[in-house]
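*Asks:* One structure, pasted below without further comment.
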Amino acid sequence: MGTAREFFHLPEEEKMQLHSPGDFTSPVRFAPGIRDDDQNIVVSRESLKFLSDPLENYVNLWPTNPSSFREAVAEYCVAAKMAEMTLTEAIFESLGMERASMDQILVKLEQNVSFNYYPTCEKSNLEHTVGLRGHTDPSIITMLLSDEVPGLEIFQNGEWILFKPLPNTLSVNVGDILQALSNGGYKSLLHRVAASSDTERLSIVSNCYPSKDTRIGPPKELIDDDHPAIYKDFNYKELYDSMWKQRPHDSTRLDPFKVCAD
Ligand SMILES: O=C(O)CCC(=O)C(=O)O
Ligand SMILES: [Fe+2]
């Protein structure tokens, strides 16, 4: 967390060297906060997103400032990936998936990591500022470590609820891919981050997802006459590509992959 904080406190010009607008494929990307004039809103989050798996392919592309970056972050990524694999396997077992269906996904799990930084916002601008807009994650599961400053809100039973971070605790969100793989048994979590005028906030998010070509669809053992397939088979590349396309206002990321449109 200290390394992430040091990174975001670097001069703007240095962080902006890692900014490549419109490029969603670069293995290391810095994104500054944005102003959305259409919605008259500022999204204050700055993020550093980077690929981390397999580590040896990417670690040499990561920032070298702060100097602790590569070593500290590599250690975190490896530990997070192991925890995610163990959890994902346990979730698959709980669903009653057969070994072959589980392995098809587990042997090709990948990971990307985001450092998120939410600077404080002037009180007078709070009304038109959010930390991060409501979204679900395009992952199987997402592991979140935050610096214990509140701000994350989750949508539950029709309302936004402030999530209370516990000290030294990781939280895990269900992502869109687990919703598809479990044929709707698990629901991906809609969440957002509020802006604050009091305290800056930091989080480290590790997303775990199948390789781009892995077939994503409910395994046959979860499908029967009472539980018909909700989603067509797709792969992560198709989900990722469709993420950046304009969607109807009320649609979610998985809607384009539904067997029957509602
Ligand atoms: O900062 C947080 O608590 C959440 C960040 C998040 O939702 C994301 O990076 O997808
Ligand atoms: Fe998220």
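Chain labels A, B, ... are given in the sequence in which chains occur in the structure tokens; within each chain residues are numbered consecutively from 1, and ligands are likewise numbered from 1 in the order shown.
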Can you tell me, as a list in words, what residues are no more than 12 Å from region 156-162 of chain A when counting only C-alpha atoms, ignoring any on the same chain fewer than 2 positions away?

*Replies:*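 The residues that qualify are Gly134, Val149, Pro150, Gly151, Leu152, Glu153, Ile154, Lys164, Pro165, Lys187, Ser188, Leu189, Leu190, His191, Arg192, Val193 and Ala194 of chain A.
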
*Asks:* Can you pull out the residues contacting Tyr118 (chain A)? Cut-off 9 Å, using only C-alpha atoms, and skip same-chain residues under 3 positions away; I want them as number ranges by chain.

*Replies:* A: 33, 44-47, 121, 131-132, 193, 195-196, 199-203

*Asks:* Just want the residues within 7 Å of ligand 2, written as a PyMOL selection string, counting only C-alpha atoms and all ligand atoms.

*Replies:* chain A and resi 135-137+191

*Asks:* Excluding Lys237 (chain A) and residues on its chain fewer than 2 positions from it, collect all residues at most 9 Å away from it, counting only C-alpha atoms, and give them as a PyMOL selection string.

*Replies:* chain A and resi 211-214+234-235+239-242

*Asks:* Using only C-alpha atoms and all ligand atoms, which residue out of A:Phe115, A:Tyr236, A:Tyr209, A:Gly184 lies closest to ligand 1?

*Replies:* A:Phe115

*Asks:* Skip Glu221 (chain A) itself and residues of its chain fewer than 6 positions away, then list as an MDAnalysis selection string all residues within 10 Å of it, counting only C-alpha atoms.

*Replies:* chainID A and resid 95:98 101

*Asks:* Keeping only all heavy atoms, write the selected residues to a file as a PDB file, in the first residue's frame.

*Replies:*
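Saved file again_15.pdb follows:
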```
ATOM      1  N   LEU A  95     -20.248 -25.292  -6.499  1.00  0.00           N
ATOM      2  CA  LEU A  95     -21.298 -25.267  -7.530  1.00  0.00           C
ATOM      3  C   LEU A  95     -21.610 -26.675  -8.050  1.00  0.00           C
ATOM      4  O   LEU A  95     -22.571 -26.868  -8.791  1.00  0.00           O
ATOM      5  CB  LEU A  95     -20.826 -24.417  -8.727  1.00  0.00           C
ATOM      6  CG  LEU A  95     -20.837 -22.906  -8.549  1.00  0.00           C
ATOM      7  CD1 LEU A  95     -20.063 -22.241  -9.683  1.00  0.00           C
ATOM      8  CD2 LEU A  95     -22.264 -22.386  -8.510  1.00  0.00           C
ATOM      9  N   GLY A  96     -20.750 -27.627  -7.708  1.00  0.00           N
ATOM     10  CA  GLY A  96     -20.932 -28.987  -8.214  1.00  0.00           C
ATOM     11  C   GLY A  96     -20.324 -29.178  -9.595  1.00  0.00           C
ATOM     12  O   GLY A  96     -20.748 -30.053 -10.353  1.00  0.00           O
ATOM     13  N   MET A  97     -19.323 -28.364  -9.934  1.00  0.00           N
ATOM     14  CA  MET A  97     -18.686 -28.523 -11.250  1.00  0.00           C
ATOM     15  C   MET A  97     -17.798 -29.760 -11.262  1.00  0.00           C
ATOM     16  O   MET A  97     -17.168 -30.092 -10.255  1.00  0.00           O
ATOM     17  CB  MET A  97     -17.850 -27.285 -11.588  1.00  0.00           C
ATOM     18  CG  MET A  97     -18.661 -26.163 -12.172  1.00  0.00           C
ATOM     19  SD  MET A  97     -17.780 -24.578 -12.217  1.00  0.00           S
ATOM     20  CE  MET A  97     -16.586 -24.806 -13.492  1.00  0.00           C
ATOM     21  N   GLU A  98     -17.752 -30.429 -12.398  1.00  0.00           N
ATOM     22  CA  GLU A  98     -16.875 -31.592 -12.524  1.00  0.00           C
ATOM     23  C   GLU A  98     -15.420 -31.126 -12.654  1.00  0.00           C
ATOM     24  O   GLU A  98     -15.161 -30.010 -13.098  1.00  0.00           O
ATOM     25  CB  GLU A  98     -17.268 -32.403 -13.763  1.00  0.00           C
ATOM     26  CG  GLU A  98     -18.551 -33.171 -13.536  1.00  0.00           C
ATOM     27  CD  GLU A  98     -19.057 -33.839 -14.800  1.00  0.00           C
ATOM     28  OE1 GLU A  98     -18.369 -33.782 -15.841  1.00  0.00           O
ATOM     29  OE2 GLU A  98     -20.160 -34.418 -14.728  1.00  0.00           O
ATOM     30  N   SER A 101     -14.324 -29.635 -15.991  1.00  0.00           N
ATOM     31  CA  SER A 101     -14.835 -28.272 -16.246  1.00  0.00           C
ATOM     32  C   SER A 101     -14.043 -27.250 -15.438  1.00  0.00           C
ATOM     33  O   SER A 101     -13.736 -26.155 -15.918  1.00  0.00           O
ATOM     34  CB  SER A 101     -16.306 -28.144 -15.835  1.00  0.00           C
ATOM     35  OG  SER A 101     -17.083 -29.165 -16.380  1.00  0.00           O
TER      36      SER A 101
END
```

*Asks:* With only C-alpha atoms as the counted atoms, please give the residues lying no more than 7 Å from Val205 (chain A), apart from itself and same-chain residues fewer than 5 positions off, as a PDB file with N, CA and C atoms, in the first residue's frame.

*Replies:*
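Below is the file part.pdb, written as the result:
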```
ATOM      1  N   VAL A 113      -3.926  -6.223 -12.206  1.00  0.00           N
ATOM      2  CA  VAL A 113      -4.011  -5.519 -10.929  1.00  0.00           C
ATOM      3  C   VAL A 113      -4.226  -4.035 -11.192  1.00  0.00           C
ATOM      4  N   SER A 114      -5.065  -3.408 -10.395  1.00  0.00           N
ATOM      5  CA  SER A 114      -5.223  -1.940 -10.465  1.00  0.00           C
ATOM      6  C   SER A 114      -4.872  -1.345  -9.121  1.00  0.00           C
ATOM      7  N   PHE A 115      -4.052  -0.321  -9.157  1.00  0.00           N
ATOM      8  CA  PHE A 115      -3.914   0.548  -7.989  1.00  0.00           C
ATOM      9  C   PHE A 115      -4.893   1.695  -8.225  1.00  0.00           C
ATOM     10  N   THR A 142     -12.792 -10.727  -7.778  1.00  0.00           N
ATOM     11  CA  THR A 142     -11.900  -9.581  -7.611  1.00  0.00           C
ATOM     12  C   THR A 142     -11.513  -9.524  -6.140  1.00  0.00           C
ATOM     13  N   MET A 143     -10.220  -9.389  -5.900  1.00  0.00           N
ATOM     14  CA  MET A 143      -9.773  -9.302  -4.519  1.00  0.00           C
ATOM     15  C   MET A 143      -9.385  -7.855  -4.239  1.00  0.00           C
ATOM     16  N   LEU A 144      -9.922  -7.310  -3.182  1.00  0.00           N
ATOM     17  CA  LEU A 144      -9.760  -5.876  -2.925  1.00  0.00           C
ATOM     18  C   LEU A 144      -9.095  -5.642  -1.578  1.00  0.00           C
ATOM     19  N   LEU A 145      -8.051  -4.845  -1.614  1.00  0.00           N
ATOM     20  CA  LEU A 145      -7.391  -4.423  -0.386  1.00  0.00           C
ATOM     21  C   LEU A 145      -7.496  -2.911  -0.365  1.00  0.00           C
TER      22      LEU A 145
END
```

*Asks:* Skip Ser197 (chain A) itself and residues of its chain fewer than 4 positions away, then list as a list in words all residues within 10 Å of it, counting only C-alpha atoms.

*Replies:*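 Residues near the query, excluding close chain neighbours: Pro119, Thr120, Cys121, Glu122, Lys123, Ser124, Asn125 and Leu126 of chain A.
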
*Asks:* Quick one: pull the distance between CA of His9 (chain A) and CA of Cys208 (chain A), Å, one decimal.

*Replies:* 27.3 Å

*Asks:* Which of region 7-119 of chain A end up as strand (DSSP E or B) when DSSP is run on this backbone - answer as a ChimeraX atom specification?

*Replies:* /A:28-31,34-36,41-43,46-51,109-118

*Asks:* Per DSSP on the backbone, filter region 42-108 of chain A down to the residues in alpha helix (DSSP H) and report them as number ranges by chain.

*Replies:* A: 55-58, 69-95, 99-106

*Asks:* Find the distance between CA of Glu238 (chain A) and CA of Phe257 (chain A) and write it in Å to one decimal.

*Replies:*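 Separating CA of Glu238 (chain A) from CA of Phe257 (chain A) is a distance of 9.4 Å.
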
*Asks:* Tell me which protein, DNA and RNA residues are within 10 Å of Ala72 (chain A), counting only C-alpha atoms, leaving out same-chain ones fewer than 3 positions away, and put them as a list in words.

*Replies:*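 These residues fall inside the cut-off: Met1, Gly2, Thr3, Ala4, Ser67, Ser68, Phe69, Glu75, Tyr76 and Cys77 of chain A.
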
*Asks:* Between A:Glu93, A:Glu6, A:Asp36, A:Glu148, which residue has the minimum interatomic distance to ligand 1, considering only C-alpha atoms and all ligand atoms?

*Replies:*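 Among the listed residues, A:Glu148 lies closest to ligand 1.
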
*Asks:* Between A:Glu12, A:Glu71, A:Asp147, A:Asp37, which one has atoms that come closest to ligand 1, using only C-alpha atoms and all ligand atoms?

*Replies:* A:Asp147

*Asks:* Would you mind telling me which residue in A:Gly175, A:Pro210, A:Pro218, A:Pro32 lies nearest to ligand 1 when using only C-alpha atoms and all ligand atoms?

*Replies:* A:Gly175

*Asks:* Give me, please, the distance in Å between atom 6 (C, counted along the ligand's line) of ligand 1 and CA of Val130 (chain A), quoted to one decimal.

*Replies:* 12.5 Å
